[in-house]
Each structure stands twice: as C-alpha cells, then as structure tokens.
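Here's the structure we're looking at; comments come further down.
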Amino acid sequence: MALPSGTSPVEWTAIVLTCQNKDSAHAFQRELDLRQQKGFISSSVLLLTVEDPKAKVGSGGATLNALLLVSEYLSAKQGYTVVNADVLLDSHILIMHMGRLFPYDSCGKAFTCVPASYSSSEFAGLLCNLDLLLDSLTSQLAVGSPPGIWVCSTDMFLSIPGTTGIDWSEEYDICAISVPGSVEYAKDHGVYKINKQGFVDNLYFQGSKSTLESCHRQDGSVPLVVGVVYCSIKVAETLLSFHVLPPLDACTYTGIDSGEQPIQLSLFFDFMLPTCGEMTEEEFVNGEARRNTPAIENKGQAATMKMARSLLWKCMSDFKLKAAVIEDGQFNYMSLSGEEHHRHLLQCPLQLQSNTRICWQKLCHAHVSKSAIVGKSSVIINSVVEDQVDIGPASVVSHCHLKGRCHIGRECLVNGLTVCERDLKNSDLHITDGMILQGFHIKLHATGDAMALYVLTVHGRSDQIKAPIGQSTGGFCNTPWKVFLSRTGITREDLWPTEAGDDEKCILNAKLFPVLRTRGHTGLRDILWLQGNGKGSPKDLDRWRSSWRLSFEEMLSFIDLSQEFQYRRELFYAVGQLHIRAVLVGRQNKSLLSLYNSASREGFQQQMLETLDSVACSCDDPGVVARTLANIANVLGAMAAKKGGLRSGPAANKAWRKAFKLLEEGMAGVPAGVQALAKEREKWLDRADLLVRAARHYEGAAQIFIRHAVMTARKFIDVRPSEMTPMGKWVTASCPARLDLSGGWSDTPPITYEHKYGGAVAIVSVLMDGKKPSGAKVKRITEPHLVLVSTDDSGPGTSLIIKQLSDLEDYNQPQTTGALLKAAFCCSEIVDMFANQTLEEQLSSKYNGGFELHTWSGLPRGSGLGTSSILGTAVMAVLWKVSGKQYTDKDLIHAVLHLEQMLTTGGGWQDQVGGLLGGVILGHSKGELPLYVDTTKVSVPGDVIKAFNDRLVLVYTGKTRLARNLLQNVIRNWYNRDPAIVDTEHRLVETAHECAHAFGSGDIAMVGKCLNKYWIQKKRMATGCEPMLVRRMMDALEPHTYGTSLAGAGGGGFMYVLTREPNGVEIVKNVLADVEGTENISIHTAVVDEEGMVVVVEE
C-alpha cells in the first residue's frame, strides 16, 4: 500500500547489530555512534553491537542472543534487577545481522558503500547498504507498525519504492516482507508459499522446479524471502523466554556461560517454519524440512537439535506467519560472484527506490584531477585519482588513492588501493581488463603482539571463488586453472595441502597472496604478476614462493575492521580537503558546511582548518580570502555543536587586534595575518562559548576582505578639480527615498560580486508626503575646524566640533555620534588621516578654513527606505561640490560604496542609486571584481506613473528593523552556499528584470505580482524578517492589492502597498483600521520622484 501523506518515521527504542567477534562489535559500535551524533539516528535510540556468543549459532541464535541483551539493557534502564519482558510492551526494536565477511568489501556487506549521497543533509558522509536499509525500515516498512521486534539481514540490496508502506490495520503475529522475483532467480534463494488469505503455508530454499511452481502468483512470479521479518510483542516475549529453556538457551551468552554447547538455529527454518500452515510437527521435528543445512554427524548433537525443534514447535506453532509482498520492490542478494558485485556498484539496484533524498552519482565524493582519464560509465567512490591515471570504461574504483602512471582496464573492480609514484618505482601500474584488485588492512596475532599489515589480492571478475579446481567453472584471473598454473609456474602444492582433494581446492582457500618476505613487506609487483601480461618470469615466481602467503579466506578472517573504517575516513577527508580547495579557489556555488559538521564529529577539524589556512594564504583574490575566512568561522561553529551561543555578536576583542591590523594592509598582509589568526585561534578551542566567539572574529576578518573587495569600486571614481564654492555659502542636496521593488539582497557584498549573474535591483525614487525626506548641506567657514550637525525625526539632533585628527579616528564605528559625517570627510579626501599635518594645518593650507556640515532625515531609524546610504550620497555630493571637485552620478554611486566600507556598515548599492537618480531605475552589476555598478533608466509613460502614484501607499509598521543581524545571517548563509539561498539569488535577479519590464510596458498588475514574489524571496533570504503584525496586515490587504512588501531587508520599518484601485491611502486606512495591533502604525503618501537628488548652491 502507499504510505499516507504526513506519516512519521518509526521511533526505534533500540537498534542492535549482531557481530561475529569483539573486534567487529567495537568497530560497528563506533559507526553507529557516529550516525547518531550526526542525527541520522535519533538520540533517544539505544544502540548496541552484540558479539555472537559462539561462531555459527545461526541467524536464529544470533537473534535470541541480541533480544536477550537488549532486554537486559532496557530492564536495567527501567530499574529492574532481572530481565523483565514488560520492557518490550511499548518498544520498537530493530535487530540487524551483519553476517559473514564479504570478499569484495573489507567492511562487510552492511557497510558496502554505494555511489550515492544525501541530496541535502546537515552532515556529509559515505552512504552504505546499512544506511539505506535502515532508511527503508524507518521511513517505510515499519511506519505505523505496533510495538515488536524487527529482524533484518544485511546481505542484500533491498529496493522499496519511495511511497510504499505496509497496511498495519490488521494484527500480525509475524509479518515477513517479500518482493516478487522470477523463478530463475528464486532457484538460488528462499521462496514463500502464500495462500489466498496471505498466510504462509511453507517456505523453501533453493527449491526444485515443481516446488517453485507451487509458489507461483498470478503473474508467474514467486514471493522471495528477503530477510526482513516483524514479530509482534507476543512472539517477542516467547522468543525472549527461550534464554531459560534448554537447549535453546545454548544460543545465548547466558547458556554458553552456563557451560552449554552452542547449537545452530536458523531464523527462518527453525523459528518461522513451525508457523507455516502446511508444516507438520513430525516433518519439522525430524528436520525433514530443514533442507540445505549441514548434516549433523554427532548423535548427541542430533538429539539436542531434535529436542530444540520439538520445543520450538510447541512454542511457535500456534503463531501465524503472514507475508507482506511489496509489489514493485526488488531484492538483490550480495553473492560471492565478483561479476555480480561489479554490476551492483555500476548499476546499483537501490536506484529503483526513487528516494528524492538520495542523489546517485558516477563520481561520488571523488577527486579526479584534470590530467586523469575516467572511462565512460565508470564509477568512482571515495577516491583520489591524480596525475596520469587512466581508468577504462565500466570500471569501479572505491576507497582508493591513485597517483602516477596507472592504467586500469575496462570492467575492473579496484577497492582499497593506495598507490603513489614511489610505489611504482619508475614503472607503470597496469591492471588487466576484468580484474579485481583489492587492498586490505589486516592484523596478525601469531607472535603475541599484533602486527598490522596492508596486503593486496587480485583475481578475475568472472572467477567463481568457491568453484573447485576440478570443475569447468574453476579458474583464476579469468583463465582456467590449468592455463594459469602453466603460465606462472605455480604448482598445486604451492597453493593447497597435498592431502586436500580437488573438490576442496578453490580460490578462497588457495595460498595465493604474498603478505611478508624475509626482507620486508610485499608490494604491487608481488601481486600484479599473477594477473598475467604474458609469461611470468622465474624471478617473479621465486619472489612469490619465498613470501609468506595467505589465502583469501585467511585474509578475510584477519581484517582489522577499525583500521579499515579509519582508512576510509582519512580518505574521505583527504578528498574533502581537495574539494575545499577546488570549491573556494574555483569560486563554485557549493556548500561545504556539511563536510565541516562531519569533520567536527569525526575528529578531522584540524585538517579542515589547516587546509583553509593554506587556501587563504595562497590566494590573490580578496573575495576568495573573505569566503575562506568565513568558512573557518563555520568550522569553529561546527566544533561548538550549537552549544556556544548565537553566531552573531561582537568581534573586537583585543587579542585579535594584531591579526586584524595585518589584514587591514590588504592582500600583502594576508599570509602574516592568516598565520596570526591561526595562532590566536589555538587559544580558543577548548570551550563551546570560546569557539563561537572565535568564529565571530573570523567573520569579522572576512568583513575586512569584503571591504577590500568592495573598495575595488574606487577604480571607477574619477572626480576632477573645479572651483570651490564661496566662503559662507551653503551647498544643499535634497534626496528622495527609495523603494526596492525587486532584486534586493543581490546588490549586497559579497553576493553582488560573487553571484554568477551579479546583482540587479528594480528601484523607484519617491517623495514621501510630498517631500524629499533626506538631505545635507555644507558651507565653508573661516575657523580651521569641522562642525557636524545631525538631525532626524527622533529629536533635536547632535552637534560636534572637530579640532583634531584624533576626534575623527572612530569614523569606522557606526554607532558613534557623527560616524557617517566623519567617514565622509575622509572618503572625500578633504581630510587625510595619515598626513603629517594636523587637522588645522590641512584645512588652512587647502581650504583657508573649515567646514560646517548638516544632515537631516524625516524618516525614522530602521525605516528600510535606504536613509543611511542616501544621506551618504547627499553628504559626498555637497562635500565634493564645496571643496572644488567635479563629479558624475557614477562617481557618487561608487564613492558611497567606498564610504560604507570605511564606515564598516557594509551596505549594497541600491540605496544611493534610488536616492540619486530619480524615476524608475534598474541597477545592475556583474559578478566580478572590480565591482562596477551600472544603471538603466526605465522609460515609463506619464499615465502609468500617475496610475502607480494613485495606488502606492507607505505604511510605517512602528517596528524598528534589526538589519544588522539580518545582514550577518544572510552573508553567513551565502558563504555557506546554502542551495536555497543560491537559488533565491537567481530568482531575485530574474524578478528585478521582470519588474523593470512590467513598469516599462505599463503593466501595474505585473509590478504588483513582482512585489509579492519579491517578498517571498526576501523571507527565504532572511528567515524571521516578517513580524506577526505585518503578516496580519498583509493578509487583510490581500484582496485589495496587487502586491505588498516590507522595504529593505524587512523585519520592520515601512511596508509599501500597491492597491488594485486608485485612492490607495483611503483603501489602506479603512482595511487596517480593523486589524488588531495597528494602533501605532502611520500611513503616508508616496509618489514617484522623477527628479532625483537636487544640489543647490546658495547665491
């Protein structure tokens, strides 16, 4: 059945992995713990890895032992002193069997990596079979299931279509998951015989043709046994009781510890078979139905097994087994066939799941250098491929680091191989077509102390590794044994004991693979000659014979799982380090945040930091340096793991001042500045709160280089000398407000020069309540000092008299009184802060006196109408005019960018464009440095302007915007290359062009649609920018308007409304009068100001 929409994943009480030995249990526990730390498994889930009490207790015995141990843990957690079955009543327990070792993946079938990754995740990582099985169980099969235990094998790829689930409305004793399969495939696997009511009458393994035909469904398929079973609480309690019932207790650690001899029980043919409708007690107890299992030669063991089956029949036969067939599901057993495994990785059957959260890739977390060649349809997983590596078509390379002259033939499988130029010793690595070459980390205990070795194996993709030497299917390296032995000179006695019969001799137990020589370790040469490129030399044979060799089977038993997982992790982060460099230096729109989050959990944060330091030091682009420093802040934030407070905050601690000073020197100061930052950073790594504070300072360092990048706009300032205005005569500039109709945020540094399409903003200049709301005036005075007067609508304003250069030094602290005016005197070059002259001397020598500068604004602080930058435009205009400099509009636009960087407010360019030019304007810039802002005046017919004016209304919300915090978050998300933010940036630029076109064509309704679209885009850029009152007002106005938006960054300030009908002010007043919380709002007229900024010199 299809899962109902809105269903939630099952909440597991415990997840248990059954393992062969202590070493594997330890390694697998670490893997589970990491997944829990990353949030892939809920933090409330109990995670256990359980060592089987003895070898070969079977899937049934391993299940009983795991159930006992998890019940003990849960009982202790709930305060019981003995195992209490009541702990199962509300529990969802998942038991996953790791199974035997796998010759094609050193970490086993469960942890076989597939060429896929999560399309969007907080943490990066490799995806393996276990992850996808766990996802299918958690998000599909077990959704809605009652409490009970789930048992799952991990020796298969199980594909479940994305929306498929199970109908749990009826009660199950045992539910076996099945998928349809062909009769041909079923010959080697298990099959259910299901009756019309859906209950299982029998189950067969490797059944005959007639047996399989009895299991046919209407479409000719048969229901396959896929190794996934649900057991109800009643069944689970029964299974748990077996730990005190001899001889069944011999499957558990308590039975073994009590001196019992272990017995081997199958989950399917011992526990589930008694529940089948056609099974009889006699047939079951006598073992007649237990086909394809090893014969029991010992009479005592046979009697014990008969007693066990008799007890199992008594306890289990009253339960009913029902099958749930997943119609579009697919089951692919992970067999010992190299050919099949190669196909599974090349065309992974799990892709059929249509899971939108999973992204399948041919190159999956892989770094391939430009000089390397990768053949068509080849797959590369978690690997570095560098220099002159040539990979043939349809090959699979996983967990490898290949560097040098390496040729891998077509249809090869190469896994766990590390090769560098030193290993090749001036020769080439050549892997023949269709070969499987693997590297393993093993640990030997023969001498008492463990010896760690890295060893290699090779064999053919078509080799049947269990086929006896005497069979026609037997062979090695894709050739018959006879041909191989003749070519190499190797004898049977070299490979197998003389007493072994031909039916016992196969690849698995042949001592083929050199491990040690008397004079050191073995290497590539010792293994590659086996694959055959002509006749082997006597020297190769002598080296091979003089080596201590292991069989494949022995090697698998010695695998050091912890080291294998660590090797993969180290390789993963080696790829990650190369990826970091490629993304940052290549200016790619890719997020690295998930990599940093994972590195901080897995202990690789230092490698990330060192790589980022290196990128910053070696780069000659201020934009890349800024992004790199912001990425270091992200690593530090990831290390804090959301425990150190808010990321936004002050960044002026004295301890960082030396590094900041070096960075202020520009690109020349980068290497020393980055090293100084790193040195200071080391002192801030031991607590979460310190990590967050350090991250803030790295973001502060990034702002320095954003300033350096934006200041490249100075290239486009070309003022020329002119006459100064007369002493005592006022020069006055009056400016309109600006409304950003679409495209805002795309003009904000660093977005505007890093975004692929640059920035574009549709802007309209407006008079508010019939007036230009902002302006500045200046006059020359005879006294050689500066008088600064600022007034706004909040009060009488402030006045400063500046007589010394030291009084101007805080111009870069925007919260200080007169900071904008102070910065403008420096930006206009009236005052030189670094000159050898005093302020009085500079003013007297160049201007014969000082200046008195006034600014005013009729707009409240945080209005969203661009007040600060527009004031900056007015101030720069009058200062240049009064001091004898001739300028153009382009000079002013770029000068205000420079001014705001000096002021450290870091604004974009839309405000000065709107406050300067008048009318409807499309401002635009390219995604490059130096930053150049261009403008296009939109030609709008007069009747369209009138219609627009009749419908445009400004509503002051009474709420002050927190633009600074919004800006910090937006820039942080941009530097993270959050995919949603990058996509929204594309949309912002598109909408700006749409809006300008709509204005030019006179389509006011379309302008309103652009407003609405723009507001949605703003909310995506800056989460939290829509106060509840604003939402209520917008909802109330919606039937009466073409569009609404908050001005600027949002969060408060002014809302602008475009009504459907004329007389907009009255419409808005009437609607908002009935909206709760609007007591403090004010409503204002707004009309297009086609004149723009006006500068007047007093006569």
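Convention: chains lettered A, B, ... in structure tokens order; per-chain residue numbering from 1; ligands numbered from 1 as shown.
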Based on the backbone DSSP call, show me all residues of segment 659-849 of chain A assigned strand (DSSP E), as number ranges by chain. A: 720-721, 731-735, 737-742, 759-768, 774-781, 786-792, 795-802
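Closest approach to Ile15 of chain A from the set A:Gln36, A:Thr936, A:Ser369, A:Asn597 is made by A:Gln36, with distances taken over only C-alpha atoms.
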I want to know what sits within 10 Å of His521 of chain A, based on only C-alpha atoms, with residues of the same chain fewer than 5 positions away left out; could you give that as an MDAnalysis selection string? chainID A and resid 453:455 514:516 526 547:548
If you count only C-alpha atoms, which residues fall within 12 Å of segment 235-239 of chain A, apart from same-chain ones fewer than 4 positions away, as a PyMOL selection string? chain A and resi 60-68+70-71+83-95+147-151+172-175+229-231+243-245+248-249+251-252+267+270-272+275+311-321
Export C-alpha atoms of the chosen residues as a PDB file, in the first residue's frame?
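Result written to part12.pdb:
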```
ATOM      1  CA  GLY A  60      18.057 -17.584  14.851  1.00  0.00           C
ATOM      2  CA  GLY A  61      20.618 -17.976  17.624  1.00  0.00           C
ATOM      3  CA  ALA A  62      22.050 -14.518  16.961  1.00  0.00           C
ATOM      4  CA  THR A  63      18.522 -13.080  17.110  1.00  0.00           C
ATOM      5  CA  LEU A  64      17.813 -14.726  20.503  1.00  0.00           C
ATOM      6  CA  ASN A  65      21.106 -13.518  21.960  1.00  0.00           C
ATOM      7  CA  ALA A  66      20.541  -9.954  20.696  1.00  0.00           C
ATOM      8  CA  LEU A  67      16.979  -9.892  22.036  1.00  0.00           C
ATOM      9  CA  LEU A  68      18.190 -11.077  25.451  1.00  0.00           C
ATOM     10  CA  VAL A  70      18.713  -5.529  24.581  1.00  0.00           C
ATOM     11  CA  SER A  71      16.040  -6.668  27.072  1.00  0.00           C
ATOM     12  CA  VAL A  83      15.151  -9.346  32.787  1.00  0.00           C
ATOM     13  CA  ASN A  84      11.522  -8.273  32.566  1.00  0.00           C
ATOM     14  CA  ALA A  85       9.572  -8.890  29.367  1.00  0.00           C
ATOM     15  CA  ASP A  86       7.363  -5.887  30.171  1.00  0.00           C
ATOM     16  CA  VAL A  87      10.094  -3.632  28.746  1.00  0.00           C
ATOM     17  CA  LEU A  88       9.096  -4.926  25.307  1.00  0.00           C
ATOM     18  CA  LEU A  89       5.464  -3.808  25.542  1.00  0.00           C
ATOM     19  CA  ASP A  90       5.990  -0.311  24.142  1.00  0.00           C
ATOM     20  CA  SER A  91       9.248  -0.967  22.326  1.00  0.00           C
ATOM     21  CA  HIS A  92      10.198  -0.978  18.666  1.00  0.00           C
ATOM     22  CA  ILE A  93      13.420  -2.965  18.463  1.00  0.00           C
ATOM     23  CA  LEU A  94      15.432  -3.491  15.288  1.00  0.00           C
ATOM     24  CA  ILE A  95      17.962  -6.338  15.113  1.00  0.00           C
ATOM     25  CA  PRO A 147       5.459  -2.433  19.140  1.00  0.00           C
ATOM     26  CA  GLY A 148       7.538  -5.521  18.460  1.00  0.00           C
ATOM     27  CA  ILE A 149      10.879  -6.593  17.085  1.00  0.00           C
ATOM     28  CA  TRP A 150      12.126  -6.316  13.533  1.00  0.00           C
ATOM     29  CA  VAL A 151      14.865  -8.623  12.294  1.00  0.00           C
ATOM     30  CA  TYR A 172       0.065  -9.781  12.795  1.00  0.00           C
ATOM     31  CA  ASP A 173       1.837 -12.457  14.829  1.00  0.00           C
ATOM     32  CA  ILE A 174       4.721 -12.483  12.400  1.00  0.00           C
ATOM     33  CA  CYS A 175       4.947 -10.471   9.196  1.00  0.00           C
ATOM     34  CA  VAL A 229      10.670 -10.045   9.496  1.00  0.00           C
ATOM     35  CA  TYR A 230       8.420  -8.335  12.044  1.00  0.00           C
ATOM     36  CA  CYS A 231       7.469 -10.175  15.268  1.00  0.00           C
ATOM     37  CA  HIS A 243      17.010 -17.922  27.137  1.00  0.00           C
ATOM     38  CA  VAL A 244      15.900 -20.004  30.131  1.00  0.00           C
ATOM     39  CA  LEU A 245      14.727 -23.067  28.171  1.00  0.00           C
ATOM     40  CA  LEU A 248      17.510 -23.207  23.208  1.00  0.00           C
ATOM     41  CA  ASP A 249      19.426 -21.210  25.817  1.00  0.00           C
ATOM     42  CA  CYS A 251      22.162 -19.848  21.507  1.00  0.00           C
ATOM     43  CA  THR A 252      22.632 -17.078  24.089  1.00  0.00           C
ATOM     44  CA  LEU A 267      15.588 -17.678  11.940  1.00  0.00           C
ATOM     45  CA  ASP A 270      13.794 -23.163  12.880  1.00  0.00           C
ATOM     46  CA  PHE A 271      11.808 -20.231  14.257  1.00  0.00           C
ATOM     47  CA  MET A 272       9.455 -19.360  11.400  1.00  0.00           C
ATOM     48  CA  THR A 275       4.264 -21.112  11.925  1.00  0.00           C
ATOM     49  CA  LEU A 311      10.421 -27.207  21.892  1.00  0.00           C
ATOM     50  CA  LEU A 312      10.259 -24.693  19.046  1.00  0.00           C
ATOM     51  CA  TRP A 313       7.212 -26.462  17.609  1.00  0.00           C
ATOM     52  CA  LYS A 314       5.494 -26.397  20.966  1.00  0.00           C
ATOM     53  CA  CYS A 315       6.161 -22.693  21.492  1.00  0.00           C
ATOM     54  CA  MET A 316       5.826 -21.322  17.943  1.00  0.00           C
ATOM     55  CA  SER A 317       3.307 -23.432  16.006  1.00  0.00           C
ATOM     56  CA  ASP A 318       0.263 -21.549  17.309  1.00  0.00           C
ATOM     57  CA  PHE A 319       1.503 -18.310  15.759  1.00  0.00           C
ATOM     58  CA  LYS A 320       0.594 -17.409  12.197  1.00  0.00           C
ATOM     59  CA  LEU A 321       3.058 -16.112   9.643  1.00  0.00           C
TER      60      LEU A 321
END
```
Need the shell around segment 921-933 of chain A: protein/DNA/RNA residues with any atom at most 10 Å away, counting only C-alpha atoms. Skip same-chain ones fewer than 2 positions apart. Format as a PyMOL selection string? chain A and resi 621-623+709-716+740-743+746-747+749-765+890+893-894+897+909-910+913-914+917-919+935-939+989+992-993+995-997+999
Point-to-point distance in Å for atom CA of Val1057 of chain A and atom CA of Thr1041 of chain A: 7.0 Å
